[in-house]
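Trainee: Dropping in coords39.cif, with mmCIF, C-alpha atoms.
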```
data_work
loop_
_atom_site.label_atom_id
_atom_site.label_comp_id
_atom_site.auth_asym_id
_atom_site.auth_seq_id
_atom_site.Cartn_x
_atom_site.Cartn_y
_atom_site.Cartn_z
CA MET A 1 0.00 0.00 0.00
CA LYS A 2 1.39 3.39 -0.98
CA MET A 3 1.96 5.80 1.93
CA PRO A 4 -0.15 9.00 1.59
CA ALA A 5 1.98 12.08 0.94
CA VAL A 6 0.74 13.92 4.06
CA PHE A 7 1.42 10.92 6.29
CA LYS A 8 4.80 10.40 4.67
CA LYS A 9 5.77 14.01 5.41
CA SER A 10 4.60 13.63 9.01
CA VAL A 11 6.64 10.47 9.49
CA SER A 12 9.69 12.11 7.95
CA TYR A 13 9.26 15.16 10.20
CA LEU A 14 8.91 13.12 13.40
CA LEU A 15 11.81 10.82 12.54
CA ASN A 16 13.92 13.82 11.67
CA LYS A 17 13.18 15.30 15.11
CA PHE A 18 13.88 12.00 16.84
CA LEU A 19 17.13 11.38 15.01
CA ALA A 20 18.29 14.95 15.50
CA LEU A 21 17.55 14.67 19.22
CA ASN A 22 19.34 11.33 19.35
CA ASN A 23 22.33 12.96 17.69
CA VAL A 24 22.48 15.67 20.37
CA ILE A 25 22.18 13.07 23.12
CA VAL A 26 25.02 11.02 21.67
CA VAL A 27 27.30 14.03 21.42
CA SER A 28 26.47 15.13 24.97
CA TYR A 29 26.64 11.69 26.55
CA ASN A 30 29.83 10.33 28.11
CA ASP A 31 29.61 7.11 26.13
CA ASP A 32 32.45 4.58 26.17
CA MET A 33 34.38 3.39 23.15
CA LEU A 34 37.57 1.38 22.76
CA GLY A 35 38.09 0.30 26.35
CA GLY A 36 36.65 3.38 28.05
CA LYS A 37 37.77 6.09 25.66
CA ASN A 38 35.14 8.79 25.35
CA VAL A 39 33.33 8.90 22.00
CA ILE A 40 33.95 12.58 21.43
CA SER A 41 37.63 12.46 22.37
CA PHE A 42 38.06 9.45 20.07
CA ILE A 43 36.40 11.23 17.15
CA SER A 44 38.31 14.43 17.86
CA GLY A 45 41.51 12.40 17.67
CA LEU A 46 40.56 11.17 14.20
CA LYS A 47 39.91 14.77 13.16
CA ASP A 48 43.31 15.78 14.53
CA GLU A 49 44.91 13.02 12.45
CA LYS A 50 43.12 14.50 9.41
CA ILE A 51 41.70 11.13 8.40
CA LEU A 52 38.01 11.83 9.15
CA THR A 53 35.91 13.86 6.71
CA LEU A 54 32.67 13.64 8.75
CA ASP A 55 32.12 16.37 11.28
CA LEU A 56 31.87 15.64 15.00
CA HIS A 57 28.07 15.26 15.06
CA GLU A 58 27.98 13.11 11.93
CA ALA A 59 30.65 10.74 13.24
CA ALA A 60 28.91 10.47 16.61
CA PHE A 61 25.65 9.71 14.81
CA LEU A 62 27.38 6.99 12.78
CA ASN A 63 28.71 5.50 16.01
CA SER A 64 25.23 5.61 17.55
CA LEU A 65 23.63 3.87 14.57
CA ALA A 66 26.34 1.20 14.52
CA LYS A 67 25.58 0.38 18.14
CA SER A 68 21.81 0.50 17.60
CA VAL A 69 21.87 -2.37 15.08
CA GLY A 70 23.89 -4.66 17.33
CA LYS A 71 20.99 -7.10 17.72
CA ILE A 72 20.18 -7.14 14.01
CA LYS A 73 21.84 -9.92 12.09
CA GLY A 74 24.19 -8.98 9.28
CA ASP A 75 27.59 -7.47 8.67
CA PHE A 76 28.72 -3.87 8.17
CA ALA A 77 29.97 -2.31 4.94
CA GLU A 78 31.31 1.04 3.85
CA VAL A 79 31.67 2.23 0.27
CA GLY A 80 34.00 5.21 0.01
CA VAL A 81 36.73 4.70 2.61
CA TYR A 82 39.17 7.48 1.66
CA LYS A 83 41.63 7.74 4.60
CA GLY A 84 39.66 5.42 6.87
CA GLY A 85 38.30 7.82 9.49
CA SER A 86 34.64 6.77 9.38
CA ALA A 87 35.74 3.14 8.98
CA LYS A 88 37.54 3.45 12.33
CA VAL A 89 34.33 4.70 13.90
CA LEU A 90 32.53 1.66 12.51
CA CYS A 91 35.30 -0.67 13.61
CA SER A 92 35.09 0.60 17.17
CA SER A 93 31.31 0.08 17.28
CA LYS A 94 30.69 -3.11 15.28
CA GLY A 95 31.33 -5.76 17.93
CA ASP A 96 32.06 -9.13 16.29
CA LYS A 97 30.49 -8.27 12.94
CA ASN A 98 32.53 -8.28 9.74
CA LEU A 99 33.31 -4.89 8.23
CA PHE A 100 33.74 -4.80 4.44
CA LEU A 101 35.51 -1.65 3.21
CA PHE A 102 35.20 -0.82 -0.50
CA ASP A 103 37.14 1.86 -2.36
CA THR A 104 39.08 2.25 -5.58
CA PHE A 105 41.96 3.70 -3.52
CA GLU A 106 42.73 5.52 -6.77
CA GLY A 107 40.30 8.36 -6.23
CA LEU A 108 36.82 8.98 -7.64
CA PRO A 109 35.69 7.36 -10.90
CA LYS A 110 34.79 9.68 -13.76
CA PRO A 111 31.92 11.95 -12.63
CA SER A 112 28.74 12.42 -14.68
CA ASP A 113 27.34 15.78 -15.72
CA ILE A 114 25.32 16.06 -12.51
CA ASP A 115 28.50 15.79 -10.42
CA LYS A 116 30.17 18.91 -11.75
CA ARG A 117 32.11 19.88 -8.61
CA PHE A 118 34.22 16.70 -8.63
CA TRP A 119 36.97 15.36 -10.85
CA GLU A 120 38.29 11.91 -11.69
CA GLY A 121 40.98 10.79 -9.25
CA GLU A 122 39.92 13.14 -6.44
CA TYR A 123 40.17 11.73 -2.90
CA LYS A 124 42.92 9.25 -3.64
CA ALA A 125 44.38 7.52 -0.57
CA SER A 126 46.98 4.83 0.07
CA LEU A 127 45.50 1.41 0.81
CA GLU A 128 48.75 0.23 2.40
CA GLU A 129 48.85 3.10 4.90
CA ILE A 130 45.21 2.66 5.82
CA LYS A 131 45.49 -1.10 6.30
CA HIS A 132 48.50 -0.60 8.55
CA SER A 133 46.49 1.67 10.85
CA PHE A 134 43.76 -1.01 11.07
CA ARG A 135 46.03 -3.80 12.27
CA GLU A 136 44.20 -3.92 15.63
CA CYS A 137 40.73 -3.97 14.06
CA SER A 138 39.43 -7.52 13.81
CA ASN A 139 37.31 -8.72 10.89
CA ALA A 140 37.97 -5.64 8.76
CA HIS A 141 38.27 -6.53 5.07
CA PHE A 142 39.61 -4.03 2.52
CA ILE A 143 38.48 -4.53 -1.08
CA LYS A 144 40.09 -2.45 -3.81
CA GLY A 145 38.28 -1.78 -7.07
CA VAL A 146 35.26 -0.10 -8.61
CA PHE A 147 32.09 -0.96 -6.73
CA PRO A 148 29.91 -3.00 -7.18
CA GLY A 149 32.07 -5.14 -9.44
CA SER A 150 34.52 -5.48 -6.57
CA ALA A 151 31.80 -6.93 -4.33
CA ARG A 152 30.52 -9.84 -6.38
CA PHE A 153 32.25 -12.30 -4.04
CA LEU A 154 29.77 -11.38 -1.27
CA GLY A 155 27.01 -13.40 -2.87
CA ASP A 156 23.85 -13.29 -0.73
CA ARG A 157 25.58 -12.11 2.45
CA LYS A 158 23.26 -9.94 4.55
CA PHE A 159 23.96 -6.59 6.19
CA SER A 160 22.70 -4.60 9.16
CA LEU A 161 24.51 -1.32 8.44
CA VAL A 162 25.89 0.21 5.25
CA HIS A 163 27.66 3.56 5.17
CA LEU A 164 28.01 5.38 1.83
CA ASP A 165 30.42 8.24 1.23
CA VAL A 166 30.94 8.14 -2.52
CA ASP A 167 29.84 11.61 -3.69
CA LEU A 168 28.76 10.67 -7.23
CA TYR A 169 25.30 9.84 -8.62
CA LYS A 170 26.22 6.54 -10.28
CA SER A 171 28.30 5.34 -7.35
CA VAL A 172 25.45 6.03 -4.92
CA TYR A 173 22.79 4.49 -7.16
CA ASP A 174 24.89 1.36 -7.83
CA SER A 175 25.58 0.98 -4.10
CA LEU A 176 21.89 1.21 -3.26
CA ASP A 177 21.03 -1.25 -6.01
CA PHE A 178 23.60 -3.71 -4.66
CA PHE A 179 22.81 -3.48 -0.96
CA TYR A 180 19.05 -2.92 -0.86
CA ALA A 181 18.09 -6.59 -1.26
CA ARG A 182 20.93 -7.60 1.06
CA MET A 183 19.75 -5.50 4.02
CA ASN A 184 18.03 -7.33 6.85
CA ALA A 185 14.80 -5.83 8.17
CA GLY A 186 15.68 -3.00 10.52
CA GLY A 187 19.07 -2.59 8.88
CA ILE A 188 20.24 0.92 8.13
CA ILE A 189 21.72 2.61 5.07
CA LEU A 190 23.39 5.89 5.99
CA SER A 191 24.89 8.25 3.43
CA HIS A 192 27.06 11.31 3.71
CA ASP A 193 26.73 14.36 1.40
CA PHE A 194 22.96 14.18 0.95
CA GLN A 195 23.06 17.89 0.10
CA LEU A 196 24.87 17.13 -3.17
CA ASN A 197 22.65 17.03 -6.26
CA GLY A 198 24.01 13.68 -7.44
CA VAL A 199 23.65 11.96 -4.06
CA ARG A 200 20.14 13.30 -3.43
CA LYS A 201 18.95 12.41 -6.95
CA ALA A 202 20.36 8.87 -6.65
CA PHE A 203 18.34 8.30 -3.47
CA GLU A 204 15.23 9.88 -4.94
CA ASP A 205 15.48 7.83 -8.13
CA PHE A 206 16.18 4.54 -6.38
CA PHE A 207 13.55 4.81 -3.66
CA LYS A 208 10.75 6.39 -5.69
CA ASN A 209 9.03 2.98 -6.03
CA LYS A 210 10.18 1.53 -2.68
CA PRO A 211 8.23 1.51 0.61
CA GLU A 212 11.05 3.05 2.63
CA THR A 213 11.34 6.77 3.31
CA VAL A 214 14.62 8.62 2.74
CA ILE A 215 15.16 10.92 5.72
CA GLY A 216 17.59 13.80 5.74
CA VAL A 217 19.12 14.20 9.19
CA MET A 218 21.39 16.55 11.08
CA GLY A 219 24.46 17.65 9.16
CA SER A 220 24.66 16.41 5.57
CA GLN A 221 23.50 12.85 6.08
CA CYS A 222 20.44 10.82 5.14
CA ILE A 223 19.16 7.55 6.48
CA VAL A 224 16.98 4.70 5.24
CA VAL A 225 15.73 1.92 7.52
CA LYS A 226 14.93 -1.30 5.65
CA LEU A 227 11.35 -2.47 6.16
#
```
Can the structure from this file be put into structure tokens for me?
Mentor:
Amino acid sequence: MKMPAVFKKSVSYLLNKFLALNNVIVVSYNDDMLGGKNVISFISGLKDEKILTLDLHEAAFLNSLAKSVGKIKGDFAEVGVYKGGSAKVLCSSKGDKNLFLFDTFEGLPKPSDIDKRFWEGEYKASLEEIKHSFRECSNAHFIKGVFPGSARFLGDRKFSLVHLDVDLYKSVYDSLDFFYARMNAGGIILSHDFQLNGVRKAFEDFFKNKPETVIGVMGSQCIVVKL
């Protein structure tokens, strides 16, 4: 049954308020991470290392979502690793779940016309350096290549949390197309840069005939919860 537009807007508004409030609580709360290290001090450390592109609130929200799906079966994945800052947030919050990290590690693929602010090869990072900094992170798997071709080995593996930070329309759309059927009920897809035309259009195009609602949240993120 198709959700009425008025009801859909009301749901989006209430969820926005709830998620924004949750974000503030997370940032204010003296939560523990990595053997008692405070969430905010941990994230601030990643910012100081210049490996985290998310802002403080966005990274804390990612950490909160990662913990919230702990009881949902399925692994974690991130497409768009760059220097590994958000991947470290996921690693610290994932428990025993596998974390699959996808990136070309050669920078962005060729952008389409809708992605005019980016260029091919932007955001290139060294896979070797990143992997070295993850030596204490268990069950973290780095996969180099253009997604989703690089992910065919996953087969029908299911997921509880997917984080997208890929900037480009095609990369976002292809990621949604790959992961949507692989998300367990209650699983979460979170994307950065929802304010970008290409990212927003990819979500709008993909979910226009789906029952889920795409919700823009605090900062530049959006979230979809699989029904």
Trainee: If you apply the PyMOL selection byres ((chain A and resi 89) around 12) to this file, what residues do you get, as a ChimeraX atom specification?
Mentor: /A:33-34,39-47,51-54,56,58-67,76,78,81,84-88,90-95,99,134,137,163
Trainee: Please determine, counting all atoms listed in the file, which residue among A:His132, A:Lys226, A:Lys144, A:Arg117 has the shortest atom-to-atom distance to Leu190 of chain A.
Mentor: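 Residue with the minimum atom-to-atom distance to Leu190 of chain A: A:Lys226.
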Trainee: Pull out every residue that the PyMOL selection byres ((chain A and resi 148) around 9) matches in the shown coordinates and put them as a list in words.
Mentor: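 When the PyMOL selection byres ((chain A and resi 148) around 9) is applied, the selected residues are Phe102, Gly145, Val146, Phe147, Gly149, Ser150, Ala151, Arg152, Ser171, Asp174, Ser175 and Phe178 of chain A.
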Trainee: Evaluate the PyMOL selection byres ((chain A and resi 222) around 9) here and jot the selected residues down as an MDAnalysis selection string.
Mentor: chainID A and resid 189:194 200 214:221 223:224
Trainee: As an exercise, work out the distance from atom CA of Tyr180 of chain A to atom CA of Leu127 of chain A in Å and give it to one decimal place.
Mentor: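 Between atom CA of Tyr180 of chain A and atom CA of Leu127 of chain A the gap works out to 26.9 Å.
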Trainee: Any idea what the distance is between atom CA of His141 of chain A and atom CA of Phe207 of chain A?
Mentor: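 Atom CA of Phe207 of chain A lies 28.6 Å from atom CA of His141 of chain A.
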Trainee: Using all atoms listed in the file, what residues lie at most 6 Å away from (37.9, 11.4, 1.7) (file coordinates), given as a ChimeraX atom specification?
Mentor: /A:53,82-83,123
Trainee: Pull C-alpha atoms for segment 22-161 of chain A from the block and write them as a compact mmCIF listing (two decimals), in the first residue's frame.
Mentor:
```
# COMPACT_ATOMS: atom_id res chain seq x y z
CA ASN A 22 19.34 11.33 19.35
CA ASN A 23 22.33 12.96 17.69
CA VAL A 24 22.48 15.67 20.37
CA ILE A 25 22.18 13.07 23.12
CA VAL A 26 25.02 11.02 21.67
CA VAL A 27 27.30 14.03 21.42
CA SER A 28 26.47 15.13 24.97
CA TYR A 29 26.64 11.69 26.55
CA ASN A 30 29.83 10.33 28.11
CA ASP A 31 29.61 7.11 26.13
CA ASP A 32 32.45 4.58 26.17
CA MET A 33 34.38 3.39 23.15
CA LEU A 34 37.57 1.38 22.76
CA GLY A 35 38.09 0.30 26.35
CA GLY A 36 36.65 3.38 28.05
CA LYS A 37 37.77 6.09 25.66
CA ASN A 38 35.14 8.79 25.35
CA VAL A 39 33.33 8.90 22.00
CA ILE A 40 33.95 12.58 21.43
CA SER A 41 37.63 12.46 22.37
CA PHE A 42 38.06 9.45 20.07
CA ILE A 43 36.40 11.23 17.15
CA SER A 44 38.31 14.43 17.86
CA GLY A 45 41.51 12.40 17.67
CA LEU A 46 40.56 11.17 14.20
CA LYS A 47 39.91 14.77 13.16
CA ASP A 48 43.31 15.78 14.53
CA GLU A 49 44.91 13.02 12.45
CA LYS A 50 43.12 14.50 9.41
CA ILE A 51 41.70 11.13 8.40
CA LEU A 52 38.01 11.83 9.15
CA THR A 53 35.91 13.86 6.71
CA LEU A 54 32.67 13.64 8.75
CA ASP A 55 32.12 16.37 11.28
CA LEU A 56 31.87 15.64 15.00
CA HIS A 57 28.07 15.26 15.06
CA GLU A 58 27.98 13.11 11.93
CA ALA A 59 30.65 10.74 13.24
CA ALA A 60 28.91 10.47 16.61
CA PHE A 61 25.65 9.71 14.81
CA LEU A 62 27.38 6.99 12.78
CA ASN A 63 28.71 5.50 16.01
CA SER A 64 25.23 5.61 17.55
CA LEU A 65 23.63 3.87 14.57
CA ALA A 66 26.34 1.20 14.52
CA LYS A 67 25.58 0.38 18.14
CA SER A 68 21.81 0.50 17.60
CA VAL A 69 21.87 -2.37 15.08
CA GLY A 70 23.89 -4.66 17.33
CA LYS A 71 20.99 -7.10 17.72
CA ILE A 72 20.18 -7.14 14.01
CA LYS A 73 21.84 -9.92 12.09
CA GLY A 74 24.19 -8.98 9.28
CA ASP A 75 27.59 -7.47 8.67
CA PHE A 76 28.72 -3.87 8.17
CA ALA A 77 29.97 -2.31 4.94
CA GLU A 78 31.31 1.04 3.85
CA VAL A 79 31.67 2.23 0.27
CA GLY A 80 34.00 5.21 0.01
CA VAL A 81 36.73 4.70 2.61
CA TYR A 82 39.17 7.48 1.66
CA LYS A 83 41.63 7.74 4.60
CA GLY A 84 39.66 5.42 6.87
CA GLY A 85 38.30 7.82 9.49
CA SER A 86 34.64 6.77 9.38
CA ALA A 87 35.74 3.14 8.98
CA LYS A 88 37.54 3.45 12.33
CA VAL A 89 34.33 4.70 13.90
CA LEU A 90 32.53 1.66 12.51
CA CYS A 91 35.30 -0.67 13.61
CA SER A 92 35.09 0.60 17.17
CA SER A 93 31.31 0.08 17.28
CA LYS A 94 30.69 -3.11 15.28
CA GLY A 95 31.33 -5.76 17.93
CA ASP A 96 32.06 -9.13 16.29
CA LYS A 97 30.49 -8.27 12.94
CA ASN A 98 32.53 -8.28 9.74
CA LEU A 99 33.31 -4.89 8.23
CA PHE A 100 33.74 -4.80 4.44
CA LEU A 101 35.51 -1.65 3.21
CA PHE A 102 35.20 -0.82 -0.50
CA ASP A 103 37.14 1.86 -2.36
CA THR A 104 39.08 2.25 -5.58
CA PHE A 105 41.96 3.70 -3.52
CA GLU A 106 42.73 5.52 -6.77
CA GLY A 107 40.30 8.36 -6.23
CA LEU A 108 36.82 8.98 -7.64
CA PRO A 109 35.69 7.36 -10.90
CA LYS A 110 34.79 9.68 -13.76
CA PRO A 111 31.92 11.95 -12.63
CA SER A 112 28.74 12.42 -14.68
CA ASP A 113 27.34 15.78 -15.72
CA ILE A 114 25.32 16.06 -12.51
CA ASP A 115 28.50 15.79 -10.42
CA LYS A 116 30.17 18.91 -11.75
CA ARG A 117 32.11 19.88 -8.61
CA PHE A 118 34.22 16.70 -8.63
CA TRP A 119 36.97 15.36 -10.85
CA GLU A 120 38.29 11.91 -11.69
CA GLY A 121 40.98 10.79 -9.25
CA GLU A 122 39.92 13.14 -6.44
CA TYR A 123 40.17 11.73 -2.90
CA LYS A 124 42.92 9.25 -3.64
CA ALA A 125 44.38 7.52 -0.57
CA SER A 126 46.98 4.83 0.07
CA LEU A 127 45.50 1.41 0.81
CA GLU A 128 48.75 0.23 2.40
CA GLU A 129 48.85 3.10 4.90
CA ILE A 130 45.21 2.66 5.82
CA LYS A 131 45.49 -1.10 6.30
CA HIS A 132 48.50 -0.60 8.55
CA SER A 133 46.49 1.67 10.85
CA PHE A 134 43.76 -1.01 11.07
CA ARG A 135 46.03 -3.80 12.27
CA GLU A 136 44.20 -3.92 15.63
CA CYS A 137 40.73 -3.97 14.06
CA SER A 138 39.43 -7.52 13.81
CA ASN A 139 37.31 -8.72 10.89
CA ALA A 140 37.97 -5.64 8.76
CA HIS A 141 38.27 -6.53 5.07
CA PHE A 142 39.61 -4.03 2.52
CA ILE A 143 38.48 -4.53 -1.08
CA LYS A 144 40.09 -2.45 -3.81
CA GLY A 145 38.28 -1.78 -7.07
CA VAL A 146 35.26 -0.10 -8.61
CA PHE A 147 32.09 -0.96 -6.73
CA PRO A 148 29.91 -3.00 -7.18
CA GLY A 149 32.07 -5.14 -9.44
CA SER A 150 34.52 -5.48 -6.57
CA ALA A 151 31.80 -6.93 -4.33
CA ARG A 152 30.52 -9.84 -6.38
CA PHE A 153 32.25 -12.30 -4.04
CA LEU A 154 29.77 -11.38 -1.27
CA GLY A 155 27.01 -13.40 -2.87
CA ASP A 156 23.85 -13.29 -0.73
CA ARG A 157 25.58 -12.11 2.45
CA LYS A 158 23.26 -9.94 4.55
CA PHE A 159 23.96 -6.59 6.19
CA SER A 160 22.70 -4.60 9.16
CA LEU A 161 24.51 -1.32 8.44
```
